[in-house]
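K.L.:
Sharing a structure here in structure tokens format.
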Amino acid sequence: MSHSVLIERFSAADQRGVIDVILPIQNQEFGIPISEQQQPDLHDIPRFYQRGTGDFWIARCDGKVVGTLGLKDIGNAQAALRKMFVSAPYRGRDYSVGALLLKALLQHAQAEKVKDVLLGTTDKFLAAHRFYEKNGFQEIPVSALPEAFPLMAVDSKFYRLTF
């Protein structure tokens, strides 16, 4: 049975769905002890992401939010890819949620004349490293990040995609 995945811009009605995708992945799946309260961006997605060249997308399957992806404008035609999460049952080729989300982000970034998309991730997210590398991102040292990049304490690997 084929399930169609819809990629949509975040709207306020998606708030709970976004948190319900992200927190279990962070806390249970990867054991990262971070709370909803420690992620204020999740409570103000429009102000945090949907400004300048930034935006925020959700993937929906059968009416349910199953994936998230944010792009934060950090100035100087650069943007940070943030909050890319896909619920475990929706990962992989059957659904292609990650690929569809990334495609929406990259099309948007190019349309907005973004030069560099940068991201930070943890050592634990090995599948994410492969996904980013397969999609043209190159690993860079932390020293190569622009000053405006929003460094997270848990980030230990950094990538850049230049258009």
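Chain labels A, B, ... are given in the sequence in which chains occur in the structure tokens; within each chain residues are numbered consecutively from 1, and ligands are likewise numbered from 1 in the order shown.
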Write out as a JSON list (two decimals) with C-alpha atoms, in the first residue's frame all residues of segment 84-147 of chain A that backbone DSSP assigns to strand (DSSP E).

P.N.:
[["chain", "number", "residue", "atom", "x", "y", "z"],
["A", 84, "MET", "CA", 15.80, 17.53, 10.60],
["A", 85, "PHE", "CA", 13.93, 14.66, 12.19],
["A", 86, "VAL", "CA", 11.96, 11.79, 10.70],
["A", 116, "ASP", "CA", 25.80, 28.10, 1.84],
["A", 117, "VAL", "CA", 23.62, 25.74, 3.85],
["A", 118, "LEU", "CA", 25.45, 24.72, 7.03],
["A", 119, "LEU", "CA", 24.55, 22.21, 9.69],
["A", 120, "GLY", "CA", 25.79, 20.70, 12.89],
["A", 121, "THR", "CA", 25.05, 17.19, 14.07],
["A", 138, "GLN", "CA", 30.92, 18.20, 2.82],
["A", 139, "GLU", "CA", 32.26, 17.88, 6.33],
["A", 140, "ILE", "CA", 34.00, 21.02, 7.57]]

K.L.:
Taking 2 positions as the minimum chain separation for residues in the same chain, which residues sit within 9 Å of Ile22 of chain A when counting only C-alpha atoms? Answer as number ranges by chain.

P.N.:
A: 17-20, 24-27, 67-68, 83-87

K.L.:
Return the single residue from A:Asp41, A:Glu8, A:Glu147, A:Asp62 that is closest to Gln78 of chain A, with distances computed using only C-alpha atoms.

P.N.:
A:Glu147

K.L.:
For Asn76 of chain A, work out the shell of residues within 12 Å, counting only C-alpha atoms and skipping chain neighbours fewer than 3 positions away, then give it as number ranges by chain.

P.N.:
A: 52-53, 73, 79-80, 113-117, 146-149

K.L.:
Give me the residues within 10 Å of Pro46 of chain A as a list in words, counting only C-alpha atoms and dropping any in the same chain fewer than 6 places off.

P.N.:
Phe10, Ser11, Ala12, Gly54, Asp55 and Phe56 of chain A

K.L.:
Based on DSSP run over this structure's backbone, return all residues of segment 66-162 of chain A in helix (DSSP H, G or I), as a PyMOL selection string.

P.N.:
chain A and resi 88-90+97-111+126-134+142-144

K.L.:
Put those residues in a file: C-alpha atoms, as a compact mmCIF listing (two decimals), in the first residue's frame.

P.N.:
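Writing the result to out_20.txt gives the following:
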# COMPACT_ATOMS: atom_id res chain seq x y z
CA ALA A 88 11.57 5.91 12.71
CA PRO A 89 8.76 4.07 10.86
CA TYR A 90 8.98 6.64 8.04
CA VAL A 97 10.63 11.58 3.88
CA GLY A 98 14.16 12.90 4.51
CA ALA A 99 14.88 13.25 0.79
CA LEU A 100 11.57 15.04 0.17
CA LEU A 101 12.14 17.45 3.06
CA LEU A 102 15.70 18.19 1.94
CA LYS A 103 14.54 18.75 -1.65
CA ALA A 104 11.99 21.34 -0.46
CA LEU A 105 14.66 23.09 1.63
CA LEU A 106 17.25 23.16 -1.17
CA GLN A 107 14.76 24.46 -3.74
CA HIS A 108 13.73 27.19 -1.30
CA ALA A 109 17.35 28.06 -0.44
CA GLN A 110 18.28 28.38 -4.14
CA ALA A 111 15.21 30.51 -4.85
CA LEU A 126 25.63 8.05 11.72
CA ALA A 127 22.76 7.54 9.29
CA ALA A 128 22.37 11.32 9.12
CA HIS A 129 26.06 11.73 8.25
CA ARG A 130 25.65 9.30 5.34
CA PHE A 131 22.46 11.04 4.20
CA TYR A 132 24.05 14.51 4.17
CA GLU A 133 27.21 13.27 2.43
CA LYS A 134 25.14 11.44 -0.20
CA VAL A 142 34.10 23.89 13.43
CA SER A 143 36.63 26.64 12.69
CA ALA A 144 35.16 27.02 9.18
